[in-house]
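Below: one structure, written as structure tokens.
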Amino acid sequence: MGLRAKLGIYVLGFVCAVLAGAATLGLRAESDIYHDEATNRCIALVRALAIPCTIAVANNDISMLDNFVVQFAEEAQALDLRYLAVLDRDNRIEAHTSPGEFGKRLDDDFSRAAQLAKQPVTRMNTTASGDQLLEVAVPMASGLRWGIVRAGFSLSSAHRALERSRARMLWTDLFILVGAAIIAYAVLSFLVVQPLVRISEMARRFGAGTLAARVHLTSRDEIGQLALRLNDMAQQIQDHTVSLERLVDERTGEVRAAHAKVIAANQKLELLARTDPLTGLYNRRHFMEQLTFELRRGARFKHQFALIMLDVDNFKHYNDTNGHTAGDELLQRLSSVLQMNLRATDLVARYGGEEFIILLLDTGPEEGVATARKLQQVVEAQNLPHGEHQPTGHVTFSVGVSFYPQDSVEARSLIDFADQALYRSKADGRNRVTRWTDIKAA
Amino acid sequence: MDYTTPMPRIRRPLLALVATSALALGPTCERQTGAVTTVTGVGSQAHETTPSSAAPIPEGGTERPKRLILGLAPTMSSSTADSQYRTLAAYLSEQVALPIDVRLAPSYAALSQALTRFEIHAAILPPYIYVQAKRDNPALVLIATEIADGSPTYASYIIVRDDSGIETIEQLRGRRFGFVNIDSTTGYLYPYAYLRALDIQPATFFSEVVFAGNHGRLVQMVLERRVEAGATFSAAFKQAANIEPEGRHLRVLAKTGRAPLDAYCVSPRLAQPIIANLRRALLELSTRTEEGRRVLRGFSAVNGFVAASDDDYDDVRRKAQLVDEDRP
């Protein structure tokens, strides 16, 4: 329920109750006051009228009494006088504003009570026609007690005036109430609800991400203060967030940089793990992994490859003769030569100290042997430094070749076969290529 | 913390609202202090007439008699005629610059005839006589009526001796009853109508019906127990009590109504200025002035005169019709 509805119910409900209570009490009090007033006035009037009547009755001047009462009757309407009766001590009517009542007895409780009373007596009656009748009876006494003067006054017209006054008062109250309600509504709307809605909206937008959202209220009251504080808070949060984001960006940058470094380092490490530092060729470990990979691939996709093992002839002799540095250099040159004479898809690795191994992918036996021979011949013809000091007159390779899947489908076997073939090459005089298939039968 | 005043936007309508509320409430606080307010409403349009405020006089005639004859109804005894009306006539004579003779008519018929023949130019008629005269002379001009004992009407009573033991009309059954005379308003017309309204036929209800002749005589007849009850008017009743000690022994048994007082009328043939003067003279005459008191001394209760209209006598007229219907 909105503030305005709440105010409407509680405050106006309260005001209504208070007004109603006050109105009721006020009206009742007003009614009582009016009644007392009316009664007093009527008593005063009858007391005044009783005086000439008393004197006439005392003088037994019925004629004069009649003349008085006739005049009273004429004045009756202005006085709201419904009747006036002069009663003797036996409640017999001596004179009456209504002709024809003379001689009758008006002997009810009221008359009897009045006859005994020293002061005026009154009573309220509602006649059959709905008239509000106030009856007053006053003693006729001038020294002696002669009877009573009894009169009835209609309060109806005054009651009606009272009702009208009440109605007017109630309408005024209603008017005020409605006016107050409208004012309260407007004031509450303007001073409280609207600003709150705007503050609320700002908070929503801020929460949704618009950190620049602010609320601008012109008043300096409590809500205005709230708005100011909220703006300050928003500003603080915004600044804080911005600097945090910047920090985060920095850190992220740093982290990324570090990460990149780590990755680079990892890659380097990976590379180091997989390559031979001297020649830059893949190392044995890498080669074995690749070989295993190719064999596994072969389980799914039919392919063939050739395995070539190369061993530098008389490398020890070279090292002893030319020094280890030269030996290292030689290995490097040999690496280059091999690489330059192989395809990109061919994998060449340093298998051992002076041993190289090559995996020729998608290569059949004929082609494999041809390549092996080519390599062996290229190296021989290369004229590598200090080649003349080698027993063969050149730096040469002994080569052994095995084929997958023809020779074997197992890594160990393939290498073993190529190795055996290499050994055969060595045994046969070096600087040559031997296929496993050549020695297999033997 | 500083507060800003409510925006002008709210202030103005607020002020307007407060103002209108105050206006609405204002009329509810009716308190007139200092100002004298005239009480309006119905009340006794007190028989207060000045000659200038009186109703316009009907068209009169043109005749100017040498001597104005003022006729009196036969119900008035000649002694009364002398004392009361002579002084009045003298005053009026002075006022209208015309000699005025008072003449007592021997009978109603004579009075009526004389009026028709313009042998009587003005008349002072008791109500019952007046309505008859008006019936016979429709052009009869009514110029004034009396105020007696402060009232434009007077009461008609049925009186008994207070030791008669008679408390109700019913107790008069088979007893003797006295009227004044057949032309008397309060001594016959009103009590007759009253008894008829009670479904009483005087001729059969009472053992004897007596006509006393005049009010004084009637009162005496009651006092002397010649009749058990009689009808008369309030002044006679009062007079009796004052004049005779025995008069205190009278009691009102019933009030038979209130009749207007004597009608002062003139012949329509009388010249307009004379009529106007007569009227003015009467309306100016009252016990408020020394002269008035002198002139009216002979009248036991008359305080003055007021303009009258024929309607004032309608009640008398109705009762007269009732009596006429009863007569064979």
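Naming works like this for the structure tokens: A, B, ... for the chains as they're shown, residue 1 at the start of each chain, ligands 1 onward in shown order.
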Only residues of chain A matter here; which ones have an atom within 9 Å of chain B, counting only C-alpha atoms? Give them as an mmCIF file with N, CA and C atoms, in the first residue's frame.
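As written to disk, part.cif reads:
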data_model
loop_
_atom_site.group_PDB
_atom_site.id
_atom_site.type_symbol
_atom_site.label_atom_id
_atom_site.label_comp_id
_atom_site.auth_asym_id
_atom_site.auth_seq_id
_atom_site.Cartn_x
_atom_site.Cartn_y
_atom_site.Cartn_z
ATOM 1 N N ASN A 60 -61.638 38.856 39.685
ATOM 2 C CA ASN A 60 -62.778 38.168 39.100
ATOM 3 C C ASN A 60 -63.246 38.857 37.824
ATOM 4 N N ASP A 61 -62.310 39.503 37.143
ATOM 5 C CA ASP A 61 -62.654 40.240 35.929
ATOM 6 C C ASP A 61 -62.461 39.326 34.738
ATOM 7 N N ILE A 62 -63.449 38.474 34.541
ATOM 8 C CA ILE A 62 -63.353 37.484 33.479
ATOM 9 C C ILE A 62 -63.302 38.164 32.117
ATOM 10 N N SER A 63 -63.935 39.277 32.039
ATOM 11 C CA SER A 63 -63.945 40.028 30.790
ATOM 12 C C SER A 63 -62.545 40.474 30.409
ATOM 13 N N MET A 64 -61.847 41.043 31.375
ATOM 14 C CA MET A 64 -60.485 41.495 31.109
ATOM 15 C C MET A 64 -59.574 40.301 30.814
ATOM 16 N N ASP A 66 -60.406 37.531 29.490
ATOM 17 C CA ASP A 66 -60.681 37.116 28.121
ATOM 18 C C ASP A 66 -59.997 38.024 27.119
ATOM 19 N N ASN A 67 -60.057 39.323 27.378
ATOM 20 C CA ASN A 67 -59.399 40.252 26.457
ATOM 21 C C ASN A 67 -57.898 39.994 26.356
ATOM 22 N N PHE A 68 -57.282 39.698 27.506
ATOM 23 C CA PHE A 68 -55.845 39.377 27.494
ATOM 24 C C PHE A 68 -55.588 38.136 26.650
ATOM 25 N N VAL A 70 -57.318 36.678 24.437
ATOM 26 C CA VAL A 70 -57.572 36.856 23.007
ATOM 27 C C VAL A 70 -56.351 37.469 22.322
ATOM 28 N N GLN A 71 -55.767 38.457 22.982
ATOM 29 C CA GLN A 71 -54.569 39.081 22.415
ATOM 30 C C GLN A 71 -53.404 38.095 22.367
ATOM 31 N N PHE A 72 -53.266 37.312 23.429
ATOM 32 C CA PHE A 72 -52.196 36.297 23.433
ATOM 33 C C PHE A 72 -52.363 35.369 22.234
ATOM 34 N N ALA A 73 -53.599 35.003 21.992
ATOM 35 C CA ALA A 73 -53.866 34.095 20.880
ATOM 36 C C ALA A 73 -53.424 34.704 19.556
ATOM 37 N N GLU A 74 -53.629 36.023 19.451
ATOM 38 C CA GLU A 74 -53.200 36.679 18.209
ATOM 39 C C GLU A 74 -51.696 36.660 18.062
ATOM 40 N N GLU A 75 -51.012 36.764 19.197
ATOM 41 C CA GLU A 75 -49.545 36.772 19.160
ATOM 42 C C GLU A 75 -48.974 35.371 19.016
ATOM 43 N N ALA A 76 -49.869 34.403 19.152
ATOM 44 C CA ALA A 76 -49.417 33.010 19.298
ATOM 45 C C ALA A 76 -48.438 32.557 18.221
ATOM 46 N N GLN A 77 -48.799 32.862 16.972
ATOM 47 C CA GLN A 77 -47.965 32.311 15.912
ATOM 48 C C GLN A 77 -46.525 32.799 15.990
ATOM 49 N N ALA A 78 -46.370 34.076 16.312
ATOM 50 C CA ALA A 78 -45.018 34.639 16.414
ATOM 51 C C ALA A 78 -44.244 33.991 17.549
ATOM 52 N N LEU A 79 -44.999 33.563 18.588
ATOM 53 C CA LEU A 79 -44.324 32.993 19.754
ATOM 54 C C LEU A 79 -44.211 31.473 19.644
ATOM 55 N N PRO A 99 -61.158 28.879 21.556
ATOM 56 C CA PRO A 99 -62.517 29.073 22.050
ATOM 57 C C PRO A 99 -63.188 27.723 22.252
ATOM 58 N N GLY A 100 -64.071 27.638 23.194
ATOM 59 C CA GLY A 100 -64.800 26.390 23.412
ATOM 60 C C GLY A 100 -64.194 25.543 24.513
ATOM 61 N N PHE A 102 -63.511 26.735 27.532
ATOM 62 C CA PHE A 102 -63.916 27.285 28.825
ATOM 63 C C PHE A 102 -64.747 26.277 29.623
ATOM 64 N N GLY A 103 -64.441 26.184 30.904
ATOM 65 C CA GLY A 103 -65.245 25.352 31.783
ATOM 66 C C GLY A 103 -64.746 23.920 31.864
ATOM 67 N N SER A 165 -28.911 24.010 10.653
ATOM 68 C CA SER A 165 -27.583 24.423 11.113
ATOM 69 C C SER A 165 -26.653 23.225 11.203
ATOM 70 N N ARG A 168 -25.696 22.113 7.779
ATOM 71 C CA ARG A 168 -24.705 23.014 7.232
ATOM 72 C C ARG A 168 -23.341 22.742 7.849
ATOM 73 N N MET A 169 -23.367 22.511 9.169
ATOM 74 C CA MET A 169 -22.107 22.237 9.848
ATOM 75 C C MET A 169 -21.479 20.950 9.318
ATOM 76 N N THR A 172 -20.091 21.522 5.990
ATOM 77 C CA THR A 172 -18.839 22.266 6.132
ATOM 78 C C THR A 172 -17.718 21.330 6.558
ATOM 79 N N ASP A 173 -18.034 20.492 7.538
ATOM 80 C CA ASP A 173 -17.027 19.536 7.995
ATOM 81 C C ASP A 173 -16.588 18.635 6.855
ATOM 82 N N PHE A 175 -16.754 19.245 3.705
ATOM 83 C CA PHE A 175 -15.999 20.080 2.783
ATOM 84 C C PHE A 175 -14.560 20.230 3.271
ATOM 85 N N ILE A 176 -14.438 20.527 4.573
ATOM 86 C CA ILE A 176 -13.105 20.682 5.147
ATOM 87 C C ILE A 176 -12.333 19.376 5.030
ATOM 88 N N GLY A 179 -11.319 18.832 1.572
ATOM 89 C CA GLY A 179 -10.239 19.770 1.296
ATOM 90 C C GLY A 179 -8.939 19.326 1.938
ATOM 91 N N ALA A 180 -9.061 18.918 3.211
ATOM 92 C CA ALA A 180 -7.871 18.471 3.921
ATOM 93 C C ALA A 180 -7.272 17.244 3.245
ATOM 94 N N ILE A 183 -5.515 18.340 0.165
ATOM 95 C CA ILE A 183 -4.273 19.013 0.512
ATOM 96 C C ILE A 183 -3.236 18.003 0.967
ATOM 97 N N ALA A 186 -1.977 16.076 -1.899
ATOM 98 C CA ALA A 186 -1.087 16.871 -2.744
ATOM 99 C C ALA A 186 0.254 17.109 -2.052
ATOM 100 N N VAL A 187 0.173 17.497 -0.780
ATOM 101 C CA VAL A 187 1.398 17.792 -0.047
ATOM 102 C C VAL A 187 2.269 16.549 0.051
ATOM 103 N N LEU A 191 5.762 16.552 -1.529
ATOM 104 C CA LEU A 191 6.902 16.641 -0.620
ATOM 105 C C LEU A 191 7.579 15.300 -0.363
ATOM 106 N N SER A 219 14.791 20.445 -2.604
ATOM 107 C CA SER A 219 14.491 20.791 -1.221
ATOM 108 C C SER A 219 15.651 20.424 -0.316
ATOM 109 N N ARG A 220 15.673 21.030 0.834
ATOM 110 C CA ARG A 220 16.730 20.756 1.815
ATOM 111 C C ARG A 220 16.176 20.024 3.021
ATOM 112 N N ASP A 221 14.955 19.505 2.904
ATOM 113 C CA ASP A 221 14.374 18.800 4.044
ATOM 114 C C ASP A 221 14.998 17.414 4.161
ATOM 115 N N GLU A 222 14.444 16.610 5.047
ATOM 116 C CA GLU A 222 15.046 15.305 5.330
ATOM 117 C C GLU A 222 15.225 14.469 4.063
ATOM 118 N N GLN A 225 18.007 15.836 2.097
ATOM 119 C CA GLN A 225 19.268 15.418 2.706
ATOM 120 C C GLN A 225 19.594 13.979 2.315
#
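In terms of minimum interatomic distance to Phe417 of chain A, A:Lys440 ranks closest within A:His259, A:Lys440, A:His394, A:Lys316, counting only C-alpha atoms.
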Point to revise | Of the listed residues A:Ile93, A:Ala372, A:Leu170, A:Val149, that which approaches Ala22 of chain A most closely, counting only C-alpha atoms | key: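 Of A:Ile93, A:Ala372, A:Leu170, A:Val149, the one nearest Ala22 of chain A, counting only C-alpha atoms, is A:Leu170.
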Exercise for review: Pull the alpha helix (DSSP H) assignments for segment 117-340 of chain A out of DSSP run on the backbone, and list those residues as JSON, numbers by chain.
Suggested key: {"A": [156, 157, 158, 159, 160, 161, 162, 163, 164, 165, 166, 167, 168, 169, 170, 171, 172, 173, 174, 175, 176, 177, 178, 179, 180, 181, 182, 183, 184, 185, 186, 187, 194, 195, 196, 197, 198, 199, 200, 201, 202, 203, 204, 205, 206, 207, 208, 222, 223, 224, 225, 226, 227, 228, 229, 230, 231, 232, 233, 234, 235, 236, 237, 238, 239, 240, 241, 242, 243, 244, 245, 246, 247, 248, 249, 250, 251, 252, 253, 254, 255, 256, 257, 258, 259, 260, 261, 262, 263, 264, 265, 266, 267, 268, 269, 270, 271, 272, 273, 274, 284, 285, 286, 287, 288, 289, 290, 291, 292, 293, 294, 295, 296, 297, 298, 299, 300, 315, 316, 317, 318, 319, 320, 321, 322, 324, 325, 326, 327, 328, 329, 330, 331, 332, 333, 334, 335, 336, 337, 338, 339, 340]}
Practice item. Pick out each residue of segment 77-214 of chain A that DSSP on the backbone tags as strand (DSSP E); I need them as a ChimeraX atom specification. Key: /A:81-88,93-96,121-126,132-142,144-154
Review point. Any idea what's packed within 10 Å of Pro106 of chain B, counting only C-alpha atoms, ignoring anything in its chain fewer than 6 positions away? Could you give it as a list in words?
Key: Leu72, Ala73, Pro74 and Thr75 of chain B
Surrounding residues of segment 35-51 of chain A excluding itself and chain neighbours under 4 positions, 7 Å, only C-alpha atoms, as an mmCIF file with C-alpha atoms, in the first residue's frame:
data_model
loop_
_atom_site.group_PDB
_atom_site.id
_atom_site.type_symbol
_atom_site.label_atom_id
_atom_site.label_comp_id
_atom_site.auth_asym_id
_atom_site.auth_seq_id
_atom_site.Cartn_x
_atom_site.Cartn_y
_atom_site.Cartn_z
ATOM 1 C CA SER A 31 -29.018 20.593 21.410
ATOM 2 C CA ILE A 55 -54.568 40.342 38.381
ATOM 3 C CA PRO A 120 -42.539 26.929 37.070
ATOM 4 C CA VAL A 136 -44.740 25.306 30.765
ATOM 5 C CA VAL A 138 -46.497 28.899 36.024
ATOM 6 C CA MET A 140 -50.684 32.550 39.376
ATOM 7 C CA VAL A 149 -51.187 29.578 33.656
ATOM 8 C CA ALA A 151 -48.905 27.113 27.899
#
I want to know what sits within 9 Å of Ser335 of chain A, based on only C-alpha atoms, with residues of the same chain fewer than 3 positions away left out; could you give that as an mmCIF file with C-alpha atoms, in the first residue's frame?
data_model
loop_
_atom_site.group_PDB
_atom_site.id
_atom_site.type_symbol
_atom_site.label_atom_id
_atom_site.label_comp_id
_atom_site.auth_asym_id
_atom_site.auth_seq_id
_atom_site.Cartn_x
_atom_site.Cartn_y
_atom_site.Cartn_z
ATOM 1 C CA THR A 279 71.468 -29.406 -33.252
ATOM 2 C CA GLY A 280 68.109 -27.913 -32.672
ATOM 3 C CA LEU A 281 66.569 -31.100 -33.925
ATOM 4 C CA LEU A 330 79.798 -31.401 -37.573
ATOM 5 C CA LEU A 331 76.692 -32.669 -35.971
ATOM 6 C CA GLN A 332 75.139 -29.267 -36.465
ATOM 7 C CA LEU A 338 69.384 -33.494 -43.353
ATOM 8 C CA GLN A 339 66.731 -30.889 -42.795
ATOM 9 C CA MET A 340 67.390 -29.234 -46.113
ATOM 10 C CA VAL A 348 64.158 -35.787 -38.153
ATOM 11 C CA ALA A 349 65.504 -36.196 -34.678
ATOM 12 C CA ARG A 350 68.842 -36.694 -32.982
ATOM 13 C CA PHE A 356 69.985 -39.543 -36.265
#
Check your understanding: Pick from B:Gln321, B:Gln84, B:Ser184, B:Ser93: nearest to Arg67 of chain B, with only C-alpha atoms counted?
Key -> B:Ser93
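Using only C-alpha atoms, the residues found no farther than 9 Å from Gly8 of chain A, other than those of its own chain fewer than 6 positions away, are Ala181, Ala184 and Tyr185 of chain A.
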Review point. What gap, in Å, lies between atom CA of Leu81 of chain A and atom CA of Ser154 of chain A?
Key: 6.4 Å
Contacts of segment 115-123 of chain B at 7 Å or less, counting only C-alpha atoms, minus same-chain residues fewer than 2 places along, as a compact mmCIF listing (two decimals) with C-alpha atoms, in the first residue's frame?
# COMPACT_ATOMS: atom_id res chain seq x y z
CA LEU B 68 -76.53 65.46 10.10
CA ILE B 69 -78.80 62.97 11.74
CA LEU B 70 -76.97 60.26 13.67
CA GLY B 71 -79.16 57.24 14.21
CA LEU B 72 -78.87 54.82 17.09
CA LEU B 111 -83.90 52.53 11.28
CA SER B 112 -83.42 50.68 8.06
CA GLN B 113 -86.08 52.64 6.29
CA LEU B 125 -75.09 49.99 14.86
CA ASN B 137 -78.71 48.69 2.25
CA TYR B 264 -70.11 53.28 12.74
CA CYS B 265 -71.54 53.72 9.28
CA VAL B 266 -72.83 56.43 6.97
CA SER B 267 -75.24 56.67 4.10
CA LEU B 270 -73.51 61.62 2.05
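Interatomic distance, atom CA of Tyr34 of chain A against atom CA of Ile148 of chain A: 25.7 Å.
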